[in-house]
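Here is the structure we will look at.
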Amino acid sequence: MNELRVSSEKEKQDLEHEDLALELVKVSFSWNTGTKALDQCNLVIPRPGLWMIVGCNGSGKSTLFRLISGMIKPQKGEIQCSYKTALMFQNPDHQLLLPSCGSDLMLSAPQDQPREELRERINSALQQVGLAGMAPRPIHTLSGGQKQRLALASALVSNSNLLLLDEPTALLDPLSQKSILELVKSLSRRAKNPISALWITHLIQELAYCDGAAMMKNGRIGNWQPGHELMNNLK
Ligand SMILES: Nc1ncnc2c1ncn2[C@@H]1O[C@H](COP(=O)(O)OP(=O)(O)OP(=O)(O)O)[C@@H](O)[C@H]1O
């Protein structure tokens with residue numbers, strides 16, 4: 001029956017991932033200083049892909065990520081999230097904790113796996129982010145772009161399928177920026193377990209890479225629109 005219904009690759013993907021969802025319904029959150037950061041905010045991630053949010057300083061983007069990842073709870077409204085989330089920040093040094101690539105990834109891996117399988121999982125994640133064979137490499141010898149790749153590998157090792165990326169390329173040169181954008185996009189297109197990525201950016205040209213872009217303003221998020229459309233509006 002499904003074969004009759006499924007007419008495109010995208011629809012096939014949607015069916016495989018229909019159990020995955022992120023939905024915020026009228027979510028409000030005020031910090032204890034009285035600042036209202038989210039104000040009846042709605043958001044849906046429609047399918048795996050690269051989804052970008054732009055907005056001025058203080059519009060509530062980082063607070064949104066804290067709410068989605070469960071670090072804080074909404075005072076009003078509902079968040080439904082069946083994804084396993086992983087956060088990525090501007091500065092990878094804030095999240096890479098151990099001396100070598102392999103030992104850092106070991107920290108993110110499920111601990112109930114036999115050691116040999118863990119090693120395979122780590123090597124496969126390193127390969128997927130273009131760092132094949134670099135498990136023994138000391139982290140302090142990596143470039144900024146390689147460190148962001150390692151942070152991505154860490155999310156893959158932990159089986160996360162929703163990446164919350166808070167300006168992940170802000171400290172990178174244009175070449176590394178492009179390679180991280182392309183890498184995240186390719187992870188969102190991979191045949192097995194494609195990820196969903198919610199990416200905050202202040203770099204308008206990055207919108208060219210996304211599957212949908214939305215503007216955040218005063219604690220609310222607008223509708224998804226094509227990245228190039230929002231890019232032109234902002235120019
Ligand atoms: N821990 C906190 N305690 C009190 N107020 C906070 C806290 N974190 C954020 N805020 C306030 O909440 C509002 C939204 O901040 P948030 O960091 O979510 O915005 P943002 O869109 O991520 O900004 P930026 O682009 O500068 O990172 C701001 O007015 C900010 O001052």
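Each chain in the structure tokens gets a letter, A, B and so on, in the order shown; residues start at 1 in every chain, and ligands are counted from 1 in the order they appear.
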Set the cut-off to 6 Å, count only C-alpha atoms and all ligand atoms, and list whatever residues fall near ligand 1 as a tab-separated table (two decimals) with N, CA and C atoms, in the first residue's frame.
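As written to disk, selection_16.tsv reads:
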chain	number	residue	atom	x	y	z
A	31	TRP	N	12.83	34.87	32.32
A	31	TRP	CA	13.92	34.65	33.26
A	31	TRP	C	13.52	35.27	34.60
A	33	THR	N	14.80	37.42	36.21
A	33	THR	CA	15.00	38.88	36.24
A	33	THR	C	13.75	39.61	35.75
A	35	THR	N	12.76	39.30	32.56
A	35	THR	CA	12.84	39.41	31.09
A	35	THR	C	12.03	38.30	30.42
A	37	ALA	N	11.65	36.09	27.53
A	37	ALA	CA	12.50	35.69	26.40
A	37	ALA	C	11.69	35.01	25.30
A	56	CYS	N	17.66	39.17	15.85
A	56	CYS	CA	18.56	40.14	16.51
A	56	CYS	C	19.02	39.61	17.86
A	57	ASN	N	20.07	40.22	18.39
A	57	ASN	CA	20.52	39.90	19.75
A	57	ASN	C	19.35	40.06	20.71
A	58	GLY	N	19.21	39.09	21.59
A	58	GLY	CA	18.17	39.19	22.62
A	58	GLY	C	16.78	38.78	22.16
A	59	SER	N	16.67	38.24	20.92
A	59	SER	CA	15.32	37.88	20.45
A	59	SER	C	14.83	36.55	21.04
A	60	GLY	N	15.73	35.82	21.72
A	60	GLY	CA	15.29	34.61	22.43
A	60	GLY	C	15.82	33.31	21.88
A	61	LYS	N	16.78	33.36	20.95
A	61	LYS	CA	17.23	32.15	20.25
A	61	LYS	C	17.90	31.15	21.20
A	62	SER	N	18.84	31.65	22.02
A	62	SER	CA	19.55	30.73	22.92
A	62	SER	C	18.61	30.18	23.99
A	63	THR	N	17.68	31.01	24.44
A	63	THR	CA	16.69	30.53	25.41
A	63	THR	C	15.86	29.41	24.78
Per DSSP on the backbone, filter region 72-194 of chain A down to the residues in strand (DSSP E) and report them as a list in words.
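Strand (DSSP E) members of region 72-194 of chain A, listed: Lys76, Gly77, Glu78, Ile79, Gln80, Cys81, Thr85, Ala86, Leu87, Met88, Leu162, Leu163, Leu164, Leu165 and Asp166 of chain A.
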Compile the contact shell of Asp173 (chain A) as a PDB file with N, CA and C atoms, in the first residue's frame: residues with an atom at most 12 Å away, counting only C-alpha atoms, same-chain residues fewer than 3 positions apart removed.
ATOM      1  N   SER A 143      42.512  22.160  14.266  1.00  0.00           N
ATOM      2  CA  SER A 143      42.092  23.519  13.892  1.00  0.00           C
ATOM      3  C   SER A 143      40.672  23.750  14.415  1.00  0.00           C
ATOM      4  N   GLY A 144      40.211  25.008  14.359  1.00  0.00           N
ATOM      5  CA  GLY A 144      38.850  25.327  14.809  1.00  0.00           C
ATOM      6  C   GLY A 144      37.802  24.524  14.049  1.00  0.00           C
ATOM      7  N   GLY A 145      37.989  24.407  12.719  1.00  0.00           N
ATOM      8  CA  GLY A 145      37.032  23.663  11.897  1.00  0.00           C
ATOM      9  C   GLY A 145      37.036  22.182  12.261  1.00  0.00           C
ATOM     10  N   GLN A 146      38.234  21.638  12.525  1.00  0.00           N
ATOM     11  CA  GLN A 146      38.316  20.213  12.909  1.00  0.00           C
ATOM     12  C   GLN A 146      37.649  19.998  14.271  1.00  0.00           C
ATOM     13  N   PRO A 168      27.460  27.950  14.925  1.00  0.00           N
ATOM     14  CA  PRO A 168      28.625  27.056  14.993  1.00  0.00           C
ATOM     15  C   PRO A 168      29.800  27.480  14.117  1.00  0.00           C
ATOM     16  N   THR A 169      29.563  28.420  13.189  1.00  0.00           N
ATOM     17  CA  THR A 169      30.655  28.806  12.292  1.00  0.00           C
ATOM     18  C   THR A 169      31.168  30.218  12.573  1.00  0.00           C
ATOM     19  N   ALA A 170      30.663  30.824  13.653  1.00  0.00           N
ATOM     20  CA  ALA A 170      30.984  32.245  13.901  1.00  0.00           C
ATOM     21  C   ALA A 170      32.489  32.489  14.044  1.00  0.00           C
ATOM     22  N   SER A 176      36.380  26.881   6.174  1.00  0.00           N
ATOM     23  CA  SER A 176      35.913  25.943   7.210  1.00  0.00           C
ATOM     24  C   SER A 176      34.412  26.121   7.418  1.00  0.00           C
ATOM     25  N   GLN A 177      33.953  27.371   7.326  1.00  0.00           N
ATOM     26  CA  GLN A 177      32.511  27.642   7.473  1.00  0.00           C
ATOM     27  C   GLN A 177      31.728  26.835   6.429  1.00  0.00           C
ATOM     28  N   LYS A 178      32.206  26.909   5.179  1.00  0.00           N
ATOM     29  CA  LYS A 178      31.513  26.216   4.081  1.00  0.00           C
ATOM     30  C   LYS A 178      31.541  24.701   4.309  1.00  0.00           C
ATOM     31  N   SER A 179      32.691  24.206   4.788  1.00  0.00           N
ATOM     32  CA  SER A 179      32.782  22.748   4.938  1.00  0.00           C
ATOM     33  C   SER A 179      31.871  22.263   6.070  1.00  0.00           C
ATOM     34  N   ILE A 180      31.697  23.057   7.136  1.00  0.00           N
ATOM     35  CA  ILE A 180      30.782  22.640   8.212  1.00  0.00           C
ATOM     36  C   ILE A 180      29.329  22.700   7.722  1.00  0.00           C
TER      37      ILE A 180
END
Identify all residues of region 90-235 of chain A in helix (DSSP H, G or I) (DSSP on the backbone) and supply them as a ChimeraX atom specification.
/A:92-94,101-108,115-128,139-141,144-157,174-187,204-209,227-234
Between A:Asn123, A:Arg66, A:Lys147, A:Ala21, which residue has the minimum interatomic distance to His94 (chain A), considering only C-alpha atoms?
A:Lys147
Test item: residues at most 12 Å from Leu234 (chain A), only C-alpha atoms, excluding those fewer than 5 positions along its chain, as a compact mmCIF listing (two decimals) with N, CA and C atoms, in the first residue's frame:
# COMPACT_ATOMS: atom_id res chain seq x y z
N VAL A 54 17.15 33.08 12.19
CA VAL A 54 17.90 34.34 12.34
C VAL A 54 17.09 35.26 13.24
N GLY A 55 17.81 36.16 13.90
CA GLY A 55 17.11 37.11 14.76
C GLY A 55 18.12 38.00 15.47
N CYS A 56 17.66 39.17 15.85
CA CYS A 56 18.56 40.14 16.51
C CYS A 56 19.02 39.61 17.86
N HIS A 202 23.84 34.45 12.45
CA HIS A 202 23.80 35.90 12.17
C HIS A 202 24.42 36.16 10.80
N LEU A 203 24.88 35.08 10.14
CA LEU A 203 25.56 35.22 8.85
C LEU A 203 24.55 34.94 7.74
N ILE A 204 24.03 36.03 7.18
CA ILE A 204 22.90 35.92 6.26
C ILE A 204 23.19 35.00 5.07
N GLN A 205 24.46 34.98 4.61
CA GLN A 205 24.76 34.16 3.42
C GLN A 205 24.60 32.66 3.71
N LEU A 207 22.07 31.28 4.86
CA LEU A 207 20.69 30.88 4.58
C LEU A 207 20.57 30.17 3.23
N ALA A 213 14.00 28.64 6.43
CA ALA A 213 14.55 29.65 7.34
C ALA A 213 13.40 30.41 7.98
N ALA A 214 13.62 30.83 9.21
CA ALA A 214 12.58 31.59 9.91
C ALA A 214 13.23 32.68 10.73
N MET A 215 12.47 33.72 10.95
CA MET A 215 12.96 34.89 11.67
C MET A 215 12.41 34.84 13.09
N GLY A 227 15.28 29.72 2.20
CA GLY A 227 16.41 30.51 2.72
C GLY A 227 16.73 31.72 1.87
N HIS A 228 16.73 31.53 0.52
CA HIS A 228 17.13 32.65 -0.35
C HIS A 228 16.10 33.79 -0.28
N GLU A 229 14.83 33.42 -0.02
CA GLU A 229 13.79 34.44 0.09
C GLU A 229 14.03 35.32 1.32
Do you have the CA of Ser186 (chain A)-CA of Leu156 (chain A) distance handy?
13.1 Å
Which neighbours of Gln148 (chain A) fall inside 12 Å, counting only C-alpha atoms, when residues of the same chain fewer than 6 positions from it are skipped, and could you give them as an MDAnalysis selection string?
chainID A and resid 87:96 101 126 129:131 139 142 154:155 165:172 176:177 179:181 183:184
Pick out the closest residue to Asn193 (chain A) from this set: A:Ile221, A:Leu162, A:Ala109, A:Met216. Count only C-alpha atoms.
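Checking each candidate against Asn193 (chain A), we get A:Leu162 as the closest.
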Hey, what's within 12 Å of Lys73 (chain A) if we count only C-alpha atoms and toss same-chain stuff fewer than 3 positions away? As a ChimeraX atom specification, please?
/A:24,27-31,38,63-70,76-80
Quick one: residues within 8 Å of Cys210 (chain A), only C-alpha atoms, excluding same-chain residues fewer than 6 positions away - as a list in words?
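My reading of the contact set: Gly49, Leu50, Trp51, Met52, Lys185, Pro226 and Gly227 of chain A.
Across A:Gln75, A:Asn223, A:Gln127, A:Asn218, the tightest approach to Pro46 (chain A) is made by A:Asn223 when counting only C-alpha atoms.
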